[in-house]
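**Q** Before I ask anything, let me first share the structure, which is written out below as structure tokens.
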Amino acid sequence: MGRRSDGGPASGIGLSDWWAGSSDSTNPPPPVRSNGAPTRSSSTPRCVVAPSNRGADTSSRSSSTAPVRSPPMAKAPILTPRAEDFPRWYQDVLNKAQLAESGPVRGTMVIRPYAYAIWERMVEEVDRRIKAAGAENAYFPLFIPQSYLTREAEHVEGFSPELAVVTVAGGKELDEPVVVRPTSETVIGEYMAKWIQSYRDLPLLLNQWANVVRWELRPRTFLRTTEFLWQEGHCAHATEADGHAYAARILHDVYRDFMVEVLGIPVLIGVKPPEERFAGATNTMACEAMMGDGKALQMGTSHELGQNFATAFDITYQDESGEQQLCWTTSWGVSTRMMGGLIMAHGDDRGLRVPPRLAALQVVVLVVKDDDGTVTEAARRLHDELAGAGVRARIDDRVGTPFGRRATDWELKGVPLRIEVGPRDLADGMVTLVRRDSAEKSVVGLDEVVGTVPALLEVIQSALHDEALALRESRTVECATVEEAAAAATEGFARVPWAMLDPAALERLGRDALTVRCVQTPDGGLPERLDDADNVAVVARAY
RNA sequence: CGGGACGUGGCGCAGCCUGGCAGCGCACCUGCUUUGGGAGCAGGGGGUCGCGAGUUCAAAUCUCGCCGUCCCGACCA
């Protein structure tokens with residue numbers, strides 16, 4: 001939840017060969033809108049929401065024999081190569097893999113079914129961990145009285161520029177404007193105050209899955225959108241130590257565990273410097289990941305709110321000795337921004353690569369061609385067998401569509417493993433397995449597939465993780481001076497002594513759009529105090 | 001808010017300067033041939049040219065106004 005906190009025939013032509021050759025023509029960018037987003041002219045708005053204030057390898061059946069050549073007239077790349085223009089590549093992936101597009105209102109997005117299925121998998125996995133950590137799901141309203149926001153000074157100040165405020169509803173001016181929630185500390189605080197009477201009611205561990213709205217000036221699909229989906233946990237604890245421990249536990253056991261084990265994205269954990277704290281928090285901890293271009297993305301945050309909200313909303317309890325005490329609250333969240341992280345951390349020049357544990361679709365069984373129905377039938381049996389073994393699989397038997405088109409499409413979508421079933425393979429009782437992460441192919445007996453696939457998926461899972469980790473390590477530099485850090489952070493992460501970063505140093509870094517992403521202990525742990533002498537700051541460019 | 005661009009079938013664009021039947025690529029539909037890496041050929045459907053006024057025999061094209069979008073900056077993370 002942090003404010004703003006929150007991826008032919010010529011049988012020997014490798015995809016990389018296609019690109020090597022020429023072609024200037026990069027695929028057109030996707031700016032989506034064209035003419036007329038219909039302007040609604042209906043005169044009586046029932047509800048007005050206004051922003052406040054400011055307004056193949058492949059191919060080759062065996063790669064070893066693939067002749068290396070770059071065809072003179074290579075086809076245009078499907079995607080803008082990552083190295084050429086990373087943001088454009090990102091947009092191309094969103095479009096070509098049919099992940100998302102922008103909505104009619106600036107900053108909004110439409111999440112298409114394939115991407116939404118991935119999001120649902122994220123929700124499943126995160127939700128399970130949240131419940132394991134003891135929190136319970138609940139739901140609080142989208143609309144919040146504006147007066148609630150104003151009760152916590154820093155909170156309002158932080159959020160007011162991005163609020164969408166409803167001033168007219170039901171055909172009338174409202175007596176008190178209502179804000180569309182940018183986060184729910186305030187409403188939930190109000191109810192926590194009602195529900196908590198004694199120390200026996202603590203800790204109160206709540207979570208909700210919801211959408212929130214923060215009016216953004218520079219939206220980017222998934223990374224920063226005006227409306228996004230997330231999970232926000234809100235807890236009340238008896239002591240500061242309990243709150244701290246729980247916020248840290250969420251960061252470790254829910255977020256980092258999910259990101260590393262399921263998303264396959266290595267993340268740094270650390271404490272945010274004061275300027276990057278959530279509005280109203282006394283401490284903000286975060287998971288930071290490195291994207292394919294070396295920039296940092298904050299993937300999740302966990303906050304200690306001290307007694308700020310407890311004071312503002314009168315969240316108190318009676319302790320064992322009968323005294324009234326103020327609670328210590330925490331809040332934590334991860335959002336659809338993780339979809340952006342997934343794309344940018346794992347995507348390659350062929351498109352998305354979804355790690356198998358996350359994938360809503362792990363295996364696509366592709367019928368290469370079929371003249372008499374036997375191939376499709378064999379593919380179906382294989383599919384059913386895989387599904388029976390718990391593999392999330394689907395069949396692609398659209399034999400009317402050329403093989404290459406279908407193969408390319410599934411690669412764009414990043415399905416971890418493709419099983420090609422064709423007449424040639426089948427004649428030998430074999431099928432071809434093609435890994436999305438490495439493009440490696442292997443030929444396996446029909447009856448061995450089910451025994452092979454689950455383990456292979458795990459191999460792919462760790463290969464993706466390891467690749468992301470290797471990238472991060474290769475682009476992380478230990479620095480002893482601010483100038484060194486400024487140079488290193490342009491390409492990746494610079495680790496510098498936190499004690500060295502006085503205001504002048506931060507100012508210097510800021511000139512190159514570099515910020516402190518988090519502060520860690522020397523071995524990468526969560527520091528107990530921000531100002532411990534040997535703390536290390538991770539400096540980078542950030543999304 | 002300052003600066004700069006751009007609005008033409010679903011998407012990407014040409015046409016505008018020099019007014020005269022609204023075009024191209026992709027996508028889509030039909031048929032045939034194809035199918036082990038982005039199919040080919042033939043045929044076909046789809047557009048009040050952002051909106052409104054003006055000039056003109058005639059406006060996508062010229063003029064004025066408005067709206068919208070994008071980029072850079074600012075702001076914000």
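Residues are referred to by chain and number: the chain letter is A, B, ... according to the order shown in the structure tokens, the number counts from 1 in that chain, and ligands are numbered separately from 1 in the order shown.
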Taking only residues of chain B that have an atom at most 9 Å from an atom of chain A, what is each one's shortest atom pair and its distance in Å to one decimal, using only C-alpha atoms (C1' of nucleotides), in chain and number order, as a Markdown table?
**A**
```
| residue | atom | partner | partner_atom | distance |
| --- | --- | --- | --- | --- |
| B:G7 | C1' | A:Asn35 | CA | 6.4 |
| B:C11 | C1' | A:Pro30 | CA | 8.0 |
| B:G12 | C1' | A:Pro28 | CA | 5.9 |
| B:U34 | C1' | A:Pro402 | CA | 8.5 |
| B:U35 | C1' | A:Pro402 | CA | 5.1 |
| B:G36 | C1' | A:Val368 | CA | 6.7 |
| B:G37 | C1' | A:Gly404 | CA | 4.1 |
| B:G38 | C1' | A:Arg405 | CA | 5.1 |
| B:A39 | C1' | A:Pro402 | CA | 6.5 |
| B:G50 | C1' | A:Asn35 | CA | 5.8 |
| B:G68 | C1' | A:Gly36 | CA | 7.5 |
| B:U69 | C1' | A:Arg33 | CA | 7.1 |
| B:C70 | C1' | A:Pro31 | CA | 7.9 |
| B:C75 | C1' | A:Leu217 | CA | 8.6 |
| B:C76 | C1' | A:Leu217 | CA | 7.5 |
| B:A77 | C1' | A:Arg4 | CA | 5.3 |
```
**Q** Store the residues picked out above, limited to C-alpha atoms (C1' of nucleotides), as a PDB file, in the first residue's frame.
**A**
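Result file is selection-v3.pdb:
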```pdb
ATOM      1  C1'   G B   7      -6.533  13.428 -34.475  1.00  0.00           C
ATOM      2  C1'   C B  11      -4.849  -1.196 -35.344  1.00  0.00           C
ATOM      3  C1'   G B  12      -0.780   1.467 -37.876  1.00  0.00           C
ATOM      4  C1'   U B  34      -1.610 -24.946 -47.625  1.00  0.00           C
ATOM      5  C1'   U B  35      -0.013 -26.400 -42.479  1.00  0.00           C
ATOM      6  C1'   G B  36       6.953 -29.363 -38.348  1.00  0.00           C
ATOM      7  C1'   G B  37       8.102 -21.534 -37.063  1.00  0.00           C
ATOM      8  C1'   G B  38       4.800 -15.300 -38.416  1.00  0.00           C
ATOM      9  C1'   A B  39       0.826 -18.926 -45.063  1.00  0.00           C
ATOM     10  C1'   G B  50     -12.239  14.512 -33.801  1.00  0.00           C
ATOM     11  C1'   G B  68      -9.347  15.054 -27.280  1.00  0.00           C
ATOM     12  C1'   U B  69      -4.730  12.408 -27.293  1.00  0.00           C
ATOM     13  C1'   C B  70       0.549  11.805 -27.154  1.00  0.00           C
ATOM     14  C1'   C B  75       4.525  18.063 -10.451  1.00  0.00           C
ATOM     15  C1'   C B  76       4.174  13.201  -8.488  1.00  0.00           C
ATOM     16  C1'   A B  77       6.432   7.922  -7.179  1.00  0.00           C
TER      17        A B  77
END
```
**Q** With a distance cut-off of 7 Å and only C-alpha atoms (C1' of nucleotides), select the neighbouring residues of Asp92 in chain A, excluding the residue or stretch itself and same-chain residues fewer than 4 positions from it, and output the selection as a list in words.
**A**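 The residues satisfying every condition are Pro29, Leu79, Thr80, Arg88 and Lys96 of chain A.
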**Q** Emit the selected residues as a PDB file, in the first residue's frame, including N, CA and C atoms.
**A**
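Okay, this is what ended up in part.pdb:
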```
ATOM      1  N   PRO A  29       3.785   1.500 -32.570  1.00  0.00           N
ATOM      2  CA  PRO A  29       3.464   1.561 -31.171  1.00  0.00           C
ATOM      3  C   PRO A  29       1.994   1.572 -31.037  1.00  0.00           C
ATOM      4  N   LEU A  79       8.181  -8.005 -31.938  1.00  0.00           N
ATOM      5  CA  LEU A  79       8.203  -6.991 -30.889  1.00  0.00           C
ATOM      6  C   LEU A  79       9.412  -6.087 -31.113  1.00  0.00           C
ATOM      7  N   THR A  80       9.294  -4.869 -30.696  1.00  0.00           N
ATOM      8  CA  THR A  80      10.475  -4.019 -30.674  1.00  0.00           C
ATOM      9  C   THR A  80      11.485  -4.700 -29.754  1.00  0.00           C
ATOM     10  N   ARG A  88       8.950   0.662 -25.250  1.00  0.00           N
ATOM     11  CA  ARG A  88       8.161   0.290 -26.413  1.00  0.00           C
ATOM     12  C   ARG A  88       7.977  -1.224 -26.453  1.00  0.00           C
ATOM     13  N   LYS A  96       0.571  -7.360 -28.086  1.00  0.00           N
ATOM     14  CA  LYS A  96       0.669  -8.577 -28.879  1.00  0.00           C
ATOM     15  C   LYS A  96       0.289  -9.829 -28.092  1.00  0.00           C
TER      16      LYS A  96
END
```
**Q** Nearest to Tyr317 in chain A: which of A:Val364, A:Ile395, A:Ala193, A:Leu223 is it, counting only C-alpha atoms?
**A**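 Among the listed residues, the smallest separation from Tyr317 in chain A belongs to A:Ala193.
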**Q** If you run DSSP over the backbone, which residues in range 351-454 of chain A end up strand (DSSP E or B)? Put them as a PyMOL selection string.
**A** chain A and resi 351+363-367+393-396+417-421+430-435+441-445
**Q** Could you turn the residues from that selection into a file that holds C-alpha atoms, as a tab-separated table (two decimals), in the first residue's frame?
**A**
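What ended up in result00.tsv:
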```
chain	number	residue	atom	x	y	z
A	351	GLY	CA	7.38	-11.87	-25.46
A	363	VAL	CA	1.38	-26.33	-20.99
A	364	VAL	CA	-0.17	-25.97	-24.39
A	365	VAL	CA	-0.55	-29.15	-26.37
A	366	LEU	CA	-0.26	-28.08	-29.97
A	367	VAL	CA	-1.62	-30.18	-32.76
A	393	ALA	CA	-2.89	-27.51	-19.72
A	394	ARG	CA	-4.93	-26.74	-22.77
A	395	ILE	CA	-5.02	-28.03	-26.26
A	396	ASP	CA	-4.54	-25.99	-29.41
A	417	LEU	CA	6.02	-25.37	-22.07
A	418	ARG	CA	4.68	-26.32	-25.46
A	419	ILE	CA	4.13	-29.88	-26.50
A	420	GLU	CA	4.01	-30.34	-30.23
A	421	VAL	CA	2.10	-33.33	-31.43
A	430	MET	CA	6.99	-39.41	-29.67
A	431	VAL	CA	6.13	-35.76	-29.04
A	432	THR	CA	8.29	-32.66	-28.99
A	433	LEU	CA	8.65	-30.54	-25.87
A	434	VAL	CA	9.65	-26.92	-26.32
A	435	ARG	CA	10.68	-24.82	-23.37
A	441	LYS	CA	13.49	-28.77	-27.67
A	442	SER	CA	13.44	-32.35	-26.63
A	443	VAL	CA	11.72	-35.37	-28.05
A	444	VAL	CA	9.98	-37.59	-25.57
A	445	GLY	CA	7.98	-40.79	-25.79
```
**Q** Could you give me, as a JSON list (two decimals) with C-alpha atoms, in the first residue's frame, the residues within 10 Å of Leu94 in chain A, counting only C-alpha atoms (C1' of nucleotides) and dropping anything in the same chain fewer than 3 positions from it?
**A**
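Contents of around.json, freshly written:
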```
[["chain", "number", "residue", "atom", "x", "y", "z"],
["A", 7, "GLY", "CA", 6.33, -8.03, -17.44],
["A", 30, "PRO", "CA", 0.25, 1.14, -29.63],
["A", 88, "ARG", "CA", 8.16, 0.29, -26.41],
["A", 89, "TRP", "CA", 8.95, -3.38, -26.04],
["A", 90, "TYR", "CA", 6.80, -3.38, -22.91],
["A", 91, "GLN", "CA", 3.91, -1.81, -24.79],
["A", 97, "ALA", "CA", 0.17, -10.96, -26.00],
["A", 98, "GLN", "CA", -3.28, -9.47, -25.49],
["A", 99, "LEU", "CA", -2.62, -8.62, -21.88],
["A", 100, "ALA", "CA", -4.13, -5.21, -21.43],
["A", 101, "GLU", "CA", -5.07, -2.01, -23.10],
["A", 111, "ILE", "CA", -7.13, -6.29, -18.20],
["A", 112, "ARG", "CA", -7.75, -8.91, -20.84],
["A", 115, "ALA", "CA", -3.60, -11.43, -18.08],
["A", 221, "THR", "CA", -0.25, 0.15, -17.81],
["A", 222, "PHE", "CA", 0.05, -2.08, -14.75],
["A", 340, "GLY", "CA", 4.18, -5.14, -14.83],
["A", 343, "ILE", "CA", 6.53, -8.75, -17.72],
["A", 351, "GLY", "CA", 7.38, -11.87, -25.46],
["A", 352, "LEU", "CA", 6.28, -12.73, -21.99],
["A", 412, "LEU", "CA", 4.21, -14.15, -26.96],
["A", 413, "LYS", "CA", 1.94, -15.20, -24.15]]
```
**Q** I'd like the neighbourhood of range 470-473 of chain A as a CSV table (one decimal) with N, CA and C atoms, in the first residue's frame, where a residue qualifies if any of its atoms comes within 10 Å (using only C-alpha atoms (C1' of nucleotides)), though same-chain residues fewer than 2 positions away should be ignored.
**A**
```csv
chain,number,residue,atom,x,y,z
A,266,PRO,N,13.7,-12.5,-7.9
A,266,PRO,CA,14.5,-12.3,-6.7
A,266,PRO,C,14.2,-10.8,-6.2
A,267,VAL,N,13.9,-10.6,-5.0
A,267,VAL,CA,13.6,-9.3,-4.5
A,267,VAL,C,14.5,-8.9,-3.3
A,289,ALA,N,12.5,-5.1,-6.8
A,289,ALA,CA,13.1,-6.0,-7.8
A,289,ALA,C,13.8,-5.2,-8.9
A,290,MET,N,14.7,-5.9,-9.6
A,290,MET,CA,15.3,-5.3,-10.8
A,290,MET,C,14.6,-5.8,-12.1
A,291,MET,N,14.3,-4.8,-12.9
A,291,MET,CA,13.6,-5.2,-14.2
A,291,MET,C,14.7,-5.5,-15.2
A,292,GLY,N,14.3,-6.0,-16.4
A,292,GLY,CA,15.2,-6.3,-17.4
A,292,GLY,C,16.1,-5.2,-17.9
A,293,ASP,N,15.7,-4.0,-17.7
A,293,ASP,CA,16.5,-2.9,-18.1
A,293,ASP,C,17.4,-2.3,-17.0
A,294,GLY,N,17.4,-3.0,-15.9
A,294,GLY,CA,18.2,-2.5,-14.8
A,294,GLY,C,17.5,-1.5,-13.8
A,295,LYS,N,16.3,-1.1,-14.2
A,295,LYS,CA,15.6,-0.2,-13.3
A,295,LYS,C,14.9,-1.0,-12.2
A,345,ALA,N,10.5,-8.3,-15.7
A,345,ALA,CA,11.5,-9.1,-15.1
A,345,ALA,C,11.8,-10.3,-15.9
A,464,LEU,N,14.2,-19.5,-14.8
A,464,LEU,CA,13.7,-18.1,-14.9
A,464,LEU,C,14.2,-17.3,-13.7
A,465,HIS,N,14.1,-17.9,-12.5
A,465,HIS,CA,14.5,-17.2,-11.3
A,465,HIS,C,16.0,-16.9,-11.4
A,466,ASP,N,16.8,-17.9,-11.8
A,466,ASP,CA,18.2,-17.8,-11.8
A,466,ASP,C,18.7,-16.8,-12.8
A,467,GLU,N,18.0,-16.7,-13.9
A,467,GLU,CA,18.3,-15.8,-14.9
A,467,GLU,C,18.1,-14.3,-14.4
A,468,ALA,N,17.0,-14.1,-13.7
A,468,ALA,CA,16.7,-12.8,-13.2
A,468,ALA,C,17.7,-12.4,-12.1
A,475,ARG,N,24.4,-6.6,-12.4
A,475,ARG,CA,24.2,-5.1,-12.5
A,475,ARG,C,24.2,-4.5,-11.1
A,476,THR,N,24.7,-5.1,-10.1
A,476,THR,CA,24.7,-4.5,-8.8
A,476,THR,C,26.2,-4.2,-8.5
A,477,VAL,N,26.5,-3.0,-8.1
A,477,VAL,CA,27.9,-2.6,-7.8
A,477,VAL,C,28.0,-2.0,-6.4
A,492,GLY,N,22.0,0.0,-13.1
A,492,GLY,CA,21.4,-1.1,-12.2
A,492,GLY,C,21.4,-0.6,-10.8
A,493,PHE,N,21.8,-1.4,-9.9
A,493,PHE,CA,21.7,-1.1,-8.5
A,493,PHE,C,23.1,-0.7,-8.0
```
**Q** Could you check the closest approach to Pro522 in chain A for each of A:Val539, A:Phe86, A:Val496, A:Tyr116 and tell me which residue wins, using only C-alpha atoms?
**A**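 Of A:Val539, A:Phe86, A:Val496, A:Tyr116, the one nearest Pro522 in chain A, counting only C-alpha atoms, is A:Val496.
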**Q** For Met259 in chain A, list every protein, DNA or RNA residue within 10 Å, evaluated using only C-alpha atoms (C1' of nucleotides), and leave out those in the same chain fewer than 6 positions away; present the list as a list in words.
**A**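 Everything that qualifies: Met122, Glu125, Val126, His252, Ile265, Pro266, Val267, Cys287, Ala289, Met299, Gly300, Met338, Leu342, Leu358 and His465 of chain A.
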**Q** Which polymer residues have any atom within 9 Å of an atom of range 1-3 of chain B, counting only C-alpha atoms (C1' of nucleotides), with same-chain residues fewer than 4 positions away left out, as a PDB file with N, CA, C and O atoms (P, O5', C5', C4', C3', O3' and C1' of nucleotides), in the first residue's frame?
**A**
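File produced: part05.pdb:
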```pdb
ATOM      1  P     C B  72       8.169  11.633 -22.558  1.00  0.00           P
ATOM      2  O5'   C B  72       8.776  13.108 -22.625  1.00  0.00           O
ATOM      3  C5'   C B  72       9.956  13.370 -23.360  1.00  0.00           C
ATOM      4  C4'   C B  72      10.301  14.826 -23.276  1.00  0.00           C
ATOM      5  C3'   C B  72      10.325  15.419 -21.877  1.00  0.00           C
ATOM      6  O3'   C B  72      11.521  15.131 -21.176  1.00  0.00           O
ATOM      7  C1'   C B  72       9.133  16.857 -23.297  1.00  0.00           C
ATOM      8  P     G B  73      11.463  14.974 -19.590  1.00  0.00           P
ATOM      9  O5'   G B  73      11.050  16.427 -19.100  1.00  0.00           O
ATOM     10  C5'   G B  73      11.990  17.482 -19.146  1.00  0.00           C
ATOM     11  C4'   G B  73      11.339  18.791 -18.776  1.00  0.00           C
ATOM     12  C3'   G B  73      10.803  18.902 -17.356  1.00  0.00           C
ATOM     13  O3'   G B  73      11.826  19.126 -16.404  1.00  0.00           O
ATOM     14  C1'   G B  73       9.262  19.836 -18.870  1.00  0.00           C
ATOM     15  P     A B  74      11.644  18.529 -14.941  1.00  0.00           P
ATOM     16  O5'   A B  74      10.417  19.359 -14.370  1.00  0.00           O
ATOM     17  C5'   A B  74      10.564  20.747 -14.070  1.00  0.00           C
ATOM     18  C4'   A B  74       9.241  21.311 -13.643  1.00  0.00           C
ATOM     19  C3'   A B  74       8.580  20.608 -12.458  1.00  0.00           C
ATOM     20  O3'   A B  74       9.075  21.088 -11.221  1.00  0.00           O
ATOM     21  C1'   A B  74       7.007  20.868 -14.199  1.00  0.00           C
TER      22        A B  74
END
```
**Q** From the DSSP assignment of the backbone, select every residue of range 231-344 of chain A that is alpha helix (DSSP H), and format the answer as a count of residues only.
**A** 29
**Q** Could you jot down the CA of Gln231 in chain A to CA of Ser147 in chain A separation for me, Å, one decimal place?
**A** 23.7 Å
**Q** Give me the residues near Ala499 in chain A as an MDAnalysis selection string, where near means some atom within 7 Å (using only C-alpha atoms (C1' of nucleotides)) and where sequence neighbours in that chain fewer than 2 positions away do not count.
**A** chainID A and resid 497 501 533
**Q** Record the distance separating CA of Phe309 in chain A and CA of Gly280 in chain A, expressed in Å with one decimal.
**A**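 Separating CA of Phe309 in chain A from CA of Gly280 in chain A is a distance of 7.8 Å.
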**Q** So, with only C-alpha atoms as the atoms that count, which of A:Ile315, A:Ala487, A:Ala387, A:Ala164 lies closest to Phe143 in chain A?
**A**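 Smallest separation from Phe143 in chain A among the options: A:Ala164.
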**Q** Have a look at A:Asp348, A:Glu232, A:Asp314, A:Asp85 and name the one nearest to Thr301 in chain A; count only C-alpha atoms.
**A**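 For Thr301 in chain A, the nearest of the candidates is A:Glu232.
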